[in-house]
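Enquirer: File coords12.txt follows (compact mmCIF, C-alpha atoms and all ligand atoms):
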```txt
# COMPACT_ATOMS: atom_id res chain seq x y z
CA MET A 642 -12.46 31.32 9.82
CA GLY A 643 -11.89 27.63 9.58
CA PHE A 644 -9.08 25.16 9.71
CA LYS A 645 -7.56 23.70 6.60
CA ILE A 646 -6.06 20.28 6.19
CA PRO A 647 -2.22 20.34 5.98
CA ARG A 648 -0.76 20.48 2.48
CA GLY A 649 -0.11 17.08 0.92
CA THR A 650 -2.58 15.23 3.16
CA GLN A 651 -6.16 14.20 2.53
CA ASP A 652 -9.30 13.22 4.37
CA ILE A 653 -10.64 9.91 3.22
CA LEU A 654 -14.37 10.33 3.50
CA PRO A 655 -16.82 7.48 4.08
CA ASN A 656 -17.68 6.91 0.40
CA GLN A 657 -13.96 6.65 -0.40
CA VAL A 658 -13.09 4.58 2.66
CA GLU A 659 -15.07 1.68 1.22
CA LYS A 660 -12.55 1.44 -1.61
CA TRP A 661 -9.66 1.59 0.81
CA GLN A 662 -11.14 -1.17 2.93
CA PHE A 663 -11.75 -3.28 -0.14
CA ILE A 664 -8.14 -2.90 -1.28
CA GLU A 665 -6.73 -3.53 2.18
CA GLN A 666 -8.88 -6.63 2.48
CA LYS A 667 -7.59 -7.91 -0.87
CA ALA A 668 -4.00 -7.25 0.17
CA LYS A 669 -4.54 -9.15 3.42
CA GLU A 670 -6.17 -12.04 1.61
CA ILE A 671 -3.29 -12.31 -0.85
CA CYS A 672 -0.79 -12.18 2.01
CA ARG A 673 -2.62 -15.07 3.61
CA LEU A 674 -2.32 -17.07 0.38
CA TYR A 675 1.39 -16.30 0.18
CA GLN A 676 1.81 -16.76 3.94
CA TYR A 677 3.05 -13.29 4.84
CA LYS A 678 2.09 -12.24 8.38
CA GLU A 679 1.14 -8.75 9.44
CA ILE A 680 3.50 -6.65 11.53
CA ARG A 681 2.61 -3.31 13.10
CA THR A 682 5.48 -1.05 14.08
CA PRO A 683 5.25 2.49 15.51
CA ILE A 684 4.54 5.49 13.33
CA PHE A 685 7.71 7.13 14.68
CA GLU A 686 11.20 5.79 15.29
CA HIS A 687 14.57 7.18 16.38
CA THR A 688 15.88 9.33 13.53
CA GLU A 689 19.13 7.40 13.48
CA LEU A 690 17.30 4.29 12.27
CA PHE A 691 16.36 5.93 8.99
CA ALA A 692 19.71 7.70 8.59
CA ARG A 693 21.33 4.26 8.85
CA GLY A 694 18.63 2.17 7.23
CA VAL A 695 17.45 4.29 4.33
CA GLY A 696 20.84 5.94 3.86
CA ASP A 697 22.36 9.33 4.64
CA SER A 698 22.78 10.28 1.01
CA THR A 699 19.18 9.67 -0.06
CA ASP A 700 16.66 12.43 -0.78
CA ILE A 701 14.42 10.90 1.85
CA VAL A 702 16.94 11.38 4.65
CA GLN A 703 18.39 14.64 3.40
CA LYS A 704 15.24 16.51 2.48
CA GLU A 705 12.04 14.69 3.21
CA MET A 706 11.83 13.52 6.79
CA TYR A 707 9.47 14.88 9.41
CA THR A 708 11.97 15.08 12.24
CA PHE A 709 11.45 16.67 15.63
CA GLU A 710 12.79 16.56 19.14
CA ASP A 711 10.63 15.02 21.81
CA ARG A 712 10.40 16.54 25.28
CA LYS A 713 13.57 14.80 26.40
CA GLY A 714 15.52 16.11 23.43
CA ARG A 715 15.60 12.81 21.51
CA SER A 716 15.46 13.08 17.75
CA ILE A 717 12.34 11.37 16.48
CA THR A 718 11.18 10.89 12.86
CA LEU A 719 7.79 10.01 11.43
CA ARG A 720 8.50 6.91 9.36
CA PRO A 721 9.09 7.74 5.68
CA GLU A 722 8.90 4.05 4.70
CA GLY A 723 8.40 0.65 6.28
CA THR A 724 11.50 -1.44 5.58
CA ALA A 725 13.89 0.06 8.14
CA ALA A 726 11.35 -0.28 10.96
CA THR A 727 10.45 -3.82 9.96
CA VAL A 728 14.11 -4.78 9.97
CA ARG A 729 14.60 -3.03 13.33
CA SER A 730 11.79 -5.09 14.78
CA PHE A 731 13.11 -8.26 13.16
CA VAL A 732 16.45 -7.71 14.89
CA GLU A 733 15.09 -6.46 18.19
CA ASN A 734 12.69 -9.38 18.50
CA LYS A 735 15.31 -11.89 17.35
CA MET A 736 13.07 -13.16 14.59
CA TYR A 737 16.22 -14.44 12.88
CA ALA A 738 16.24 -17.18 15.52
CA SER A 739 12.76 -18.40 14.65
CA PRO A 740 12.71 -21.94 13.27
CA GLN A 741 10.43 -20.76 10.47
CA GLN A 742 12.63 -19.08 7.86
CA PRO A 743 12.37 -16.94 5.84
CA VAL A 744 10.36 -14.61 8.03
CA LYS A 745 7.65 -13.20 5.77
CA LEU A 746 6.00 -10.00 6.93
CA TYR A 747 3.63 -7.39 5.61
CA TYR A 748 2.40 -3.98 6.76
CA ILE A 749 -0.22 -1.44 5.81
CA GLY A 750 0.04 2.03 7.27
CA PRO A 751 0.74 5.71 6.85
CA MET A 752 4.19 6.97 5.85
CA PHE A 753 5.37 10.58 5.85
CA ARG A 754 7.62 12.42 3.43
CA TYR A 755 8.05 16.14 3.05
CA GLU A 756 7.82 16.14 -0.74
CA ARG A 757 6.34 18.65 -3.15
CA PRO A 758 2.73 17.50 -3.39
CA GLN A 759 1.32 16.72 -6.81
CA SER A 760 -1.00 14.14 -8.24
CA GLY A 761 0.04 10.77 -6.84
CA ARG A 762 2.47 12.34 -4.39
CA PHE A 763 1.40 13.11 -0.86
CA ARG A 764 3.10 14.06 2.38
CA GLN A 765 1.12 11.41 4.21
CA PHE A 766 0.39 8.30 2.19
CA VAL A 767 -0.43 4.69 2.97
CA GLN A 768 1.98 1.97 1.99
CA PHE A 769 1.22 -1.70 1.72
CA GLY A 770 4.55 -3.49 1.80
CA VAL A 771 6.02 -6.93 2.31
CA GLU A 772 9.44 -8.03 3.50
CA ALA A 773 10.89 -11.56 3.31
CA LEU A 774 13.89 -11.91 5.58
CA GLY A 775 16.28 -14.82 5.85
CA ALA A 776 16.36 -16.31 2.37
CA SER A 777 18.71 -15.63 -0.47
CA ASP A 778 16.83 -17.65 -3.04
CA PRO A 779 15.86 -16.13 -6.40
CA ALA A 780 12.50 -17.87 -6.01
CA ILE A 781 11.62 -15.54 -3.17
CA ASP A 782 12.45 -12.53 -5.35
CA ALA A 783 10.00 -13.86 -7.92
CA GLU A 784 7.45 -14.60 -5.19
CA VAL A 785 7.53 -11.06 -3.84
CA ILE A 786 7.08 -9.60 -7.34
CA SER A 787 4.30 -12.05 -8.05
CA LEU A 788 2.48 -11.05 -4.87
CA ALA A 789 2.47 -7.38 -5.93
CA MET A 790 1.30 -8.26 -9.42
CA ASP A 791 -1.45 -10.50 -8.03
CA LEU A 792 -2.79 -7.66 -5.93
CA TYR A 793 -2.97 -5.28 -8.88
CA ARG A 794 -4.48 -7.84 -11.19
CA SER A 795 -7.02 -9.10 -8.68
CA LEU A 796 -8.30 -5.55 -8.43
CA GLY A 797 -8.72 -5.37 -12.18
CA LEU A 798 -5.62 -3.50 -13.38
CA THR A 799 -4.24 -4.70 -16.69
CA LYS A 800 -2.00 -1.91 -17.94
CA LEU A 801 1.03 -2.77 -15.89
CA LYS A 802 4.69 -2.87 -16.68
CA LEU A 803 7.27 -4.59 -14.53
CA VAL A 804 10.73 -3.09 -14.88
CA ILE A 805 13.58 -5.04 -13.33
CA ASN A 806 17.31 -4.66 -12.88
CA SER A 807 20.13 -6.16 -10.92
CA LEU A 808 22.40 -3.96 -8.86
CA GLY A 809 24.66 -6.91 -8.18
CA ASP A 810 26.46 -7.88 -5.01
CA LYS A 811 29.02 -5.77 -3.15
CA GLU A 812 31.87 -6.69 -5.44
CA SER A 813 29.91 -5.97 -8.63
CA ARG A 814 28.63 -2.71 -7.23
CA GLN A 815 32.12 -1.63 -6.27
CA ALA A 816 33.42 -2.28 -9.79
CA HIS A 817 30.46 -0.44 -11.29
CA ARG A 818 30.86 2.42 -8.83
CA GLU A 819 34.45 2.97 -9.92
CA ALA A 820 33.42 2.88 -13.57
CA LEU A 821 30.71 5.47 -12.91
CA ILE A 822 33.09 7.78 -11.07
CA ASN A 823 35.58 7.54 -13.97
CA HIS A 824 32.81 8.19 -16.44
CA PHE A 825 31.40 11.32 -14.82
CA GLU A 826 34.37 12.78 -12.94
CA GLY A 827 35.95 14.78 -15.77
CA ARG A 828 32.75 16.63 -16.56
CA ILE A 829 30.95 16.61 -13.24
CA ASP A 830 30.88 20.44 -13.19
CA GLU A 831 28.30 20.26 -16.00
CA PHE A 832 25.91 18.50 -13.61
CA CYS A 833 23.64 19.82 -10.87
CA SER A 834 24.93 20.29 -7.34
CA ASP A 835 23.11 17.16 -6.15
CA CYS A 836 24.94 15.06 -8.73
CA GLN A 837 28.24 16.64 -7.75
CA THR A 838 27.73 15.53 -4.16
CA ARG A 839 26.55 12.12 -5.32
CA LEU A 840 29.68 11.50 -7.39
CA HIS A 841 31.66 10.11 -4.48
CA GLN A 842 28.81 9.42 -2.07
CA ASN A 843 26.65 7.27 -4.33
CA PRO A 844 27.36 7.73 -8.05
CA LEU A 845 24.60 5.29 -8.99
CA ARG A 846 22.09 7.91 -7.95
CA ILE A 847 23.36 10.26 -10.68
CA LEU A 848 21.56 7.98 -13.14
CA ASP A 849 18.34 8.79 -11.33
CA CYS A 850 18.72 12.58 -11.57
CA LYS A 851 15.69 14.34 -13.00
CA LYS A 852 17.53 17.58 -13.84
CA ASP A 853 20.41 16.10 -15.81
CA ARG A 854 18.43 13.38 -17.50
CA GLU A 855 19.27 14.71 -20.99
CA HIS A 856 23.02 15.11 -20.48
CA GLU A 857 24.92 13.12 -23.12
CA LEU A 858 27.00 11.30 -20.51
CA MET A 859 23.81 9.73 -19.14
CA ALA A 860 23.14 7.64 -22.22
CA THR A 861 26.72 6.38 -22.39
CA ALA A 862 27.12 5.67 -18.66
CA PRO A 863 28.49 2.22 -17.85
CA SER A 864 25.69 -0.27 -17.33
CA ILE A 865 25.61 -2.26 -14.11
CA LEU A 866 24.70 -5.34 -16.09
CA ASP A 867 28.19 -5.27 -17.66
CA TYR A 868 29.76 -5.26 -14.22
CA LEU A 869 27.89 -8.12 -12.58
CA ASN A 870 30.22 -10.86 -11.43
CA GLU A 871 29.37 -14.47 -12.22
CA GLU A 872 27.42 -15.05 -9.01
CA SER A 873 25.32 -11.91 -9.39
CA LYS A 874 24.68 -12.64 -13.05
CA GLN A 875 23.51 -16.16 -12.24
CA TYR A 876 21.29 -14.91 -9.45
CA PHE A 877 19.62 -12.39 -11.73
CA GLU A 878 19.16 -14.94 -14.51
CA LYS A 879 17.47 -17.28 -12.07
CA VAL A 880 15.07 -14.54 -10.93
CA LEU A 881 14.13 -13.90 -14.56
CA TYR A 882 13.81 -17.62 -15.17
CA TYR A 883 11.31 -17.95 -12.34
CA LEU A 884 9.36 -14.95 -13.58
CA ASP A 885 9.16 -16.58 -17.01
CA GLN A 886 8.05 -19.79 -15.39
CA ILE A 887 5.12 -18.15 -13.60
CA GLY A 888 4.16 -16.06 -16.62
CA ILE A 889 5.13 -12.61 -15.40
CA GLN A 890 6.37 -10.37 -18.18
CA TYR A 891 9.12 -7.87 -17.47
CA GLU A 892 11.44 -5.39 -19.05
CA VAL A 893 15.08 -5.37 -17.98
CA ASP A 894 16.24 -1.78 -17.55
CA ALA A 895 19.89 -1.35 -16.59
CA ASN A 896 19.13 2.25 -15.65
CA LEU A 897 16.59 1.38 -13.02
CA VAL A 898 18.01 2.89 -9.86
CA ARG A 899 16.01 3.00 -6.68
CA GLY A 900 15.96 6.04 -4.44
CA LEU A 901 17.00 4.18 -1.31
CA ASP A 902 20.54 3.10 -0.46
CA TYR A 903 19.97 -0.39 0.83
CA TYR A 904 19.49 -2.27 -2.42
CA ASN A 905 21.64 -4.92 -4.08
CA HIS A 906 20.88 -7.68 -6.59
CA THR A 907 17.22 -7.48 -7.67
CA ALA A 908 15.61 -4.04 -7.96
CA PHE A 909 12.20 -3.56 -9.55
CA GLU A 910 9.34 -1.19 -10.11
CA ILE A 911 5.83 -1.73 -11.36
CA MET A 912 4.50 1.09 -13.51
CA SER A 913 1.12 1.95 -14.90
CA ASP A 914 0.92 2.10 -18.66
CA ALA A 915 -2.59 3.53 -18.59
CA GLU A 916 -3.23 6.53 -20.75
CA GLY A 917 -4.04 9.60 -18.73
CA PHE A 918 -2.18 8.38 -15.67
CA GLY A 919 -0.22 11.33 -14.29
CA ALA A 920 3.47 12.09 -14.64
CA ILE A 921 4.39 9.74 -11.83
CA THR A 922 3.78 6.30 -13.20
CA THR A 923 5.54 4.18 -10.59
CA LEU A 924 2.99 2.23 -8.60
CA CYS A 925 5.30 0.00 -6.64
CA GLY A 926 8.99 -0.26 -5.86
CA GLY A 927 11.15 -2.83 -4.20
CA GLY A 928 14.23 -4.94 -4.22
CA ARG A 929 16.77 -6.97 -2.33
CA TYR A 930 18.71 -5.55 0.61
CA ASN A 931 21.16 -8.17 1.77
CA GLY A 932 23.28 -5.91 4.00
CA LEU A 933 20.52 -4.07 5.80
CA VAL A 934 19.90 -6.41 8.75
CA GLN A 935 23.59 -6.23 9.65
CA GLU A 936 23.63 -2.47 9.21
CA ILE A 937 20.85 -2.29 11.79
CA GLY A 938 22.71 -4.47 14.25
CA GLY A 939 21.50 -7.98 13.44
CA PRO A 940 23.29 -11.04 12.10
CA GLU A 941 24.00 -11.29 8.40
CA THR A 942 20.56 -11.93 6.91
CA PRO A 943 19.36 -11.47 3.36
CA GLY A 944 16.09 -9.68 2.65
CA ILE A 945 13.80 -8.55 -0.11
CA GLY A 946 10.52 -6.66 -0.27
CA PHE A 947 8.46 -4.00 -1.91
CA ALA A 948 6.05 -1.24 -1.03
CA LEU A 949 3.22 0.37 -2.93
CA SER A 950 0.91 3.17 -1.99
CA ILE A 951 -2.85 2.81 -1.95
CA GLU A 952 -3.10 6.40 -3.27
CA ARG A 953 -1.31 5.50 -6.50
CA LEU A 954 -3.17 2.24 -6.79
CA LEU A 955 -6.45 4.15 -6.64
CA ALA A 956 -5.17 6.60 -9.25
CA ALA A 957 -4.28 3.69 -11.54
CA LEU A 958 -7.75 2.17 -11.07
CA GLU A 959 -9.25 5.48 -12.02
CA ALA A 960 -7.00 5.88 -15.07
CA GLU A 961 -8.06 2.42 -16.27
CA GLY A 962 -11.71 3.10 -15.46
CA VAL A 963 -11.95 0.11 -13.10
CA GLU A 964 -14.90 0.10 -10.69
CA LEU A 965 -14.30 -1.95 -7.57
CA PRO A 966 -17.14 -4.39 -6.84
CA ILE A 967 -18.15 -2.79 -3.58
CA THR A 968 -21.44 -4.01 -2.22
CA LYS A 969 -23.79 -1.15 -1.68
CA GLY A 970 -26.99 -0.94 0.28
CA ILE A 971 -28.27 -2.33 3.53
CA ASP A 972 -30.35 -5.40 4.26
CA CYS A 973 -33.29 -3.81 5.96
CA TYR A 974 -34.92 -0.51 6.86
CA VAL A 975 -37.56 -0.40 9.57
CA VAL A 976 -40.38 2.06 8.87
CA THR A 977 -42.69 2.86 11.76
CA LEU A 978 -46.08 4.49 12.08
CA GLY A 979 -47.17 5.66 15.52
CA GLU A 980 -45.48 6.24 18.83
CA LYS A 981 -45.64 2.67 20.17
CA ALA A 982 -44.22 1.19 16.98
CA LYS A 983 -41.44 3.76 16.99
CA ASP A 984 -40.48 2.77 20.54
CA HIS A 985 -40.61 -0.91 19.72
CA SER A 986 -38.44 -0.52 16.61
CA VAL A 987 -35.41 -0.06 18.87
CA SER A 988 -35.69 -3.70 19.98
CA ILE A 989 -36.46 -4.89 16.45
CA LEU A 990 -33.22 -3.31 15.22
CA LYS A 991 -31.27 -4.79 18.11
CA GLU A 992 -32.54 -8.26 17.15
CA LEU A 993 -31.84 -7.84 13.45
CA ARG A 994 -28.32 -6.54 13.98
CA LYS A 995 -27.59 -9.31 16.44
CA ALA A 996 -28.50 -11.75 13.68
CA GLY A 997 -26.07 -10.10 11.28
CA ILE A 998 -28.68 -8.20 9.29
CA SER A 999 -27.53 -4.66 8.52
CA SER A 1000 -30.40 -2.40 9.36
CA GLU A 1001 -31.38 1.21 9.87
CA LYS A 1002 -34.35 3.25 11.07
CA ASP A 1003 -35.46 6.87 11.26
CA TYR A 1004 -34.32 9.08 14.13
CA GLU A 1005 -35.88 12.33 12.99
CA ASN A 1006 -39.59 11.70 13.37
CA LYS A 1007 -40.04 11.58 9.62
CA LYS A 1008 -43.40 10.89 8.00
CA MET A 1009 -43.88 7.43 6.52
CA LYS A 1010 -43.27 8.61 2.98
CA ALA A 1011 -39.99 10.24 3.97
CA GLN A 1012 -38.96 7.06 5.79
CA PHE A 1013 -39.52 5.10 2.58
CA LYS A 1014 -37.43 7.67 0.73
CA ALA A 1015 -34.62 7.19 3.24
CA ALA A 1016 -34.86 3.43 2.73
CA ASP A 1017 -34.50 4.00 -1.02
CA ARG A 1018 -31.51 6.24 -0.56
CA LEU A 1019 -29.81 3.58 1.56
CA GLU A 1020 -30.69 0.99 -1.08
CA ALA A 1021 -32.41 -1.23 1.48
CA LYS A 1022 -33.23 -4.71 0.20
CA TYR A 1023 -36.20 -5.07 2.54
CA VAL A 1024 -38.42 -2.57 4.27
CA VAL A 1025 -40.19 -3.69 7.43
CA VAL A 1026 -43.29 -1.62 8.15
CA VAL A 1027 -44.66 -1.62 11.69
CA GLY A 1028 -47.62 0.48 12.78
CA ASP A 1029 -49.26 0.56 16.21
CA ASP A 1030 -52.04 -1.72 14.91
CA GLU A 1031 -49.61 -4.29 13.56
CA LEU A 1032 -47.69 -4.17 16.79
CA ASP A 1033 -50.85 -5.04 18.73
CA LYS A 1034 -51.35 -8.03 16.42
CA GLY A 1035 -47.68 -8.99 16.68
CA ILE A 1036 -46.99 -8.71 12.95
CA ALA A 1037 -45.05 -6.58 10.48
CA ASN A 1038 -45.37 -5.92 6.78
CA VAL A 1039 -42.23 -6.86 4.92
CA LYS A 1040 -41.65 -5.42 1.48
CA ASN A 1041 -39.06 -6.81 -0.89
CA MET A 1042 -37.82 -3.62 -2.52
CA GLU A 1043 -36.52 -5.32 -5.61
CA SER A 1044 -39.62 -7.28 -6.58
CA GLY A 1045 -42.12 -5.00 -4.86
CA SER A 1046 -43.86 -8.00 -3.28
CA GLN A 1047 -45.17 -7.73 0.28
CA GLU A 1048 -45.79 -10.25 3.02
CA GLU A 1049 -47.18 -10.21 6.49
CA VAL A 1050 -44.68 -11.75 8.91
CA SER A 1051 -45.10 -12.43 12.58
CA LEU A 1052 -42.75 -10.28 14.65
CA ASP A 1053 -41.45 -13.39 16.39
CA GLU A 1054 -40.33 -14.78 13.06
CA LEU A 1055 -39.15 -11.54 11.49
CA THR A 1056 -35.46 -12.10 12.14
CA SER A 1057 -35.38 -15.65 10.80
CA TYR A 1058 -37.55 -14.60 7.83
CA LEU A 1059 -35.04 -11.90 6.84
CA LYS A 1060 -32.03 -14.00 7.73
CA GLU A 1061 -33.12 -16.57 5.15
CA ARG A 1062 -33.47 -13.94 2.48
CA VAL A 1063 -30.53 -11.54 2.79
P1 LIG B 1 9.82 3.73 -2.43
O1 LIG B 1 10.11 3.53 -3.87
O2 LIG B 1 10.38 4.92 -1.77
O3 LIG B 1 10.30 2.42 -1.70
O4 LIG B 1 8.26 3.74 -2.22
C1 LIG B 1 7.48 2.65 -2.63
C2 LIG B 1 6.14 3.13 -3.15
O5 LIG B 1 5.51 3.99 -2.22
C3 LIG B 1 6.20 3.96 -4.43
O6 LIG B 1 6.32 3.15 -5.56
C4 LIG B 1 4.85 4.65 -4.37
O7 LIG B 1 3.80 3.77 -4.74
C5 LIG B 1 4.71 4.92 -2.90
N1 LIG B 1 5.10 6.30 -2.56
C6 LIG B 1 6.32 6.76 -2.25
N2 LIG B 1 6.29 8.06 -1.97
C7 LIG B 1 5.00 8.45 -2.12
C8 LIG B 1 4.29 9.70 -1.95
N3 LIG B 1 4.93 10.80 -1.57
N4 LIG B 1 2.95 9.72 -2.19
C9 LIG B 1 2.30 8.59 -2.56
N5 LIG B 1 2.92 7.41 -2.71
C10 LIG B 1 4.24 7.33 -2.50
C11 LIG B 1 10.16 2.16 -0.37
O8 LIG B 1 9.52 2.84 0.37
C12 LIG B 1 10.82 0.89 0.07
N6 LIG B 1 10.67 0.75 1.53
C13 LIG B 1 10.21 -0.30 -0.64
C14 LIG B 1 10.81 -1.59 -0.23
C15 LIG B 1 10.31 -2.48 0.65
N7 LIG B 1 11.95 -2.09 -0.65
C16 LIG B 1 12.17 -3.23 -0.07
N8 LIG B 1 11.21 -3.47 0.74
```
Can you present the structure in this file as structure tokens?
Expert:
Amino acid sequence: MGFKIPRGTQDILPNQVEKWQFIEQKAKEICRLYQYKEIRTPIFEHTELFARGVGDSTDIVQKEMYTFEDRKGRSITLRPEGTAATVRSFVENKMYASPQQPVKLYYIGPMFRYERPQSGRFRQFVQFGVEALGASDPAIDAEVISLAMDLYRSLGLTKLKLVINSLGDKESRQAHREALINHFEGRIDEFCSDCQTRLHQNPLRILDCKKDREHELMATAPSILDYLNEESKQYFEKVLYYLDQIGIQYEVDANLVRGLDYYNHTAFEIMSDAEGFGAITTLCGGGRYNGLVQEIGGPETPGIGFALSIERLLAALEAEGVELPITKGIDCYVVTLGEKAKDHSVSILKELRKAGISSEKDYENKKMKAQFKAADRLEAKYVVVVGDDELDKGIANVKNMESGSQEEVSLDELTSYLKERV
């Protein structure tokens, strides 16, 4: 007998959690530098939010949501992504009225999608994402991309590729949409059923189809870049100009289509180029969503953001063989000999920990030798040895585990002695 973890989820065990914490800490630090503030929204929302926000015609809404009825019959969905909820909160809390614009937010938390699990694809995964709301300035597009790149690079990734496209404004998209429909309509019966539905719903998504990727009409499909009106073209050029200016290399790919409906103007993905990285190479995806705030009931407000999963980031680190500089070991292990010393060690540990010295002791009545072994296993920098005799004299023996040197230290001064050294 025994319970098994649900498919597509994972336990993150203590030795792995250290990496997660390190990455999350880095992300938070970079957000502080860029002045993005954390927002925490619920894990579940009303289903309608995602239908509206992410888009009815997307795979996420049609096939991948964890949706259920609560006890009052309301339709609830575990969030599949963070943008819709962030925008909901932005509107609900009238952040558009804040004097400080744009409103720059970030989140780190679990998202849920009922997808076919494979390497790099989970049913519960953790996204780190940022959203900048209230500015339609190409410099903020470049800033958001730069923030994502900074995170990857600061962790040691080098094999990265930024792919960027413009989906244009409403007018450009409309012109392109018509061109796409004309292009595919005559031979749409040669495409999969998904593409057939997409033809009038969202023909752009046909370009993203995995099944019909090789169809000859794909390669000759009209490119959005040929349909950008002057304003959209200028906007995109300015984004690229800023990226050049801050030294971020990119590849323009007119076929880059994102899987969510809310995008316009800038759309981008960051991929891993590392050899041996699995089939899914997209580490991060994002873009501009100028109509979304209105769609969710707020005033006309531009927005842009991205999200990346920690799972794929870790996979990329592994593919590149990057070891995160996680500090191992503890400051001090207290070894005791005799009943009185054992009892007293409880107060010694309390003192040490109060002073910020990470410390541990034995709780299993181990012999001295085994206690030293435990100290080794925990990679203790110092071992404090207290026997009943020492205790009577008010001293302890302190061993520096790296150099092997030993010193007698008065118990009264033990904390300050170690504090100076760790
Ligand atoms: P997305 O492209 O659906 O965009 O997801 C963004 C990132 O989340 C992906 O690049 C990938 O790193 C990660 N991801 C997605 N699905 C999975 C999965 N099943 N397992 C592991 N990782 C996954 C969004 O979610 C948008 N909200 C991004 C955005 C923010 N656009 C503007 N603002």
Enquirer: Check the smallest atom-to-atom distance from each of A:Leu719, A:Ala948, A:Ile680, A:Leu978 to A:Ala1011 using all atoms listed in the file, then report the winner.
Expert: A:Leu978
Enquirer: Name the residues, by chain letter and number, that sit within 9 Å of ligand LIG 1 (chain B) using all atoms listed in the file, and give them as JSON, numbers by chain.
Expert: {"A": [649, 695, 701, 721, 722, 723, 724, 725, 752, 753, 754, 755, 756, 757, 758, 759, 760, 761, 762, 763, 764, 765, 766, 767, 768, 769, 770, 771, 772, 773, 899, 900, 901, 903, 904, 908, 910, 911, 912, 922, 923, 924, 925, 926, 927, 928, 929, 930, 944, 945, 946, 947, 948, 949, 950, 951, 952, 953, 954]}
Enquirer: I need every residue sitting at most 9 Å from the point (24.5, 10.9, -16.3) (coordinates as in the file, only C-alpha atoms considered), written as a PyMOL selection string.
Expert: chain A and resi 821+824-825+832+836+847-850+853-862
Enquirer: A:Val975, A:Ala1016, A:Ala783, A:Cys833: which is nearest A:Ser988, counting all atoms listed in the file?
Expert: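 The answer is A:Val975, which sits nearest to A:Ser988.
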Enquirer: For A:Ile664, which of A:Thr1056, A:Ser795, A:Thr650, A:Asn1041 is the closest residue, counting only C-alpha atoms?
Expert: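 Of A:Thr1056, A:Ser795, A:Thr650, A:Asn1041, the one nearest A:Ile664 is A:Ser795, counting only C-alpha atoms.
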Enquirer: One decimal, in Å: what's the spacing between atom CA of A:Pro683 and atom CA of A:Ile786?
Expert: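 Spanning atom CA of A:Pro683 to atom CA of A:Ile786 is a straight-line distance of 25.9 Å.
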Enquirer: Report, in Å with one decimal, the straight-line distance from atom CA of A:Val893 to atom CA of A:Ala920.
Expert: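 Calculated distance between atom CA of A:Val893 and atom CA of A:Ala920 is 21.2 Å.
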Enquirer: Identify, on the basis of only C-alpha atoms, every residue whose closest approach to stretch 800-804 of chain A does not exceed 8 Å; exclude the query and any residue fewer than 3 positions from it along the same chain; express the result as a list in words.
Expert: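 Skipping anything fewer than 3 positions along the chain leaves Gln890, Tyr891, Glu892, Val893, Asp894, Leu897, Phe909, Glu910, Ile911, Met912, Ser913, Asp914, Ala915 and Glu961 of chain A.
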Enquirer: Please dump the current selection as a PDB file, keeping the file's coordinate frame; keep C-alpha atoms.
Expert:
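The result, written out as part20.pdb:
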```
ATOM      1  CA  GLN A 890       6.370 -10.370 -18.180  1.00  0.00           C
ATOM      2  CA  TYR A 891       9.120  -7.870 -17.470  1.00  0.00           C
ATOM      3  CA  GLU A 892      11.440  -5.390 -19.050  1.00  0.00           C
ATOM      4  CA  VAL A 893      15.080  -5.370 -17.980  1.00  0.00           C
ATOM      5  CA  ASP A 894      16.240  -1.780 -17.550  1.00  0.00           C
ATOM      6  CA  LEU A 897      16.590   1.380 -13.020  1.00  0.00           C
ATOM      7  CA  PHE A 909      12.200  -3.560  -9.550  1.00  0.00           C
ATOM      8  CA  GLU A 910       9.340  -1.190 -10.110  1.00  0.00           C
ATOM      9  CA  ILE A 911       5.830  -1.730 -11.360  1.00  0.00           C
ATOM     10  CA  MET A 912       4.500   1.090 -13.510  1.00  0.00           C
ATOM     11  CA  SER A 913       1.120   1.950 -14.900  1.00  0.00           C
ATOM     12  CA  ASP A 914       0.920   2.100 -18.660  1.00  0.00           C
ATOM     13  CA  ALA A 915      -2.590   3.530 -18.590  1.00  0.00           C
ATOM     14  CA  GLU A 961      -8.060   2.420 -16.270  1.00  0.00           C
TER      15      GLU A 961
END
```
Enquirer: May I ask which of the residues A:Val976, A:Leu1059, A:Ala982, A:Ala957 is the closest one to A:Ala996, counting only C-alpha atoms?
Expert: A:Leu1059
Enquirer: Take atom CA of A:Thr907 and atom CA of A:Ser787 and report the distance between them in Å, one decimal.
Expert: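 It comes out at 13.7 Å.
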Enquirer: For each of A:Arg1018, A:Gln842, A:Glu941, A:Lys983, take the minimum atom-to-atom distance to A:Lys1002, counting all atoms listed in the file, then give the residue where this is smallest.
Expert: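 Closest to A:Lys1002 of all the choices is A:Lys983.
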Enquirer: Would you mind telling me which residue in A:Gly775, A:Asn931, A:Gly827, A:Arg715 lies nearest to A:Lys811 when using only C-alpha atoms?
Expert: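 Smallest separation from A:Lys811 among the options: A:Asn931.
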Enquirer: Near A:Lys1040, within 6 Å and counting only C-alpha atoms, which residues show up once chain neighbours fewer than 4 positions away are dropped, as a compact mmCIF listing (two decimals) with C-alpha atoms, keeping the file's coordinate frame?
Expert:
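Result file around_5.txt:
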```
# COMPACT_ATOMS: atom_id res chain seq x y z
CA TYR A 1023 -36.20 -5.07 2.54
CA VAL A 1024 -38.42 -2.57 4.27
CA SER A 1046 -43.86 -8.00 -3.28
CA GLN A 1047 -45.17 -7.73 0.28
```
Enquirer: Within 12 Å of stretch 815-820 of chain A, counting all atoms listed in the file, which residues show up once you throw out same-chain ones fewer than 2 positions away? Write them as a PyMOL selection string, please.
Expert: chain A and resi 807-813+822-826+839-848+861-870+895+905
Enquirer: Tell me which protein, DNA and RNA residues are within 9 Å of stretch 733-737 of chain A, counting only C-alpha atoms, leaving out same-chain ones fewer than 5 positions away, and put them as a PyMOL selection string.
Expert: chain A and resi 728+742-744+774-775+938-940+942
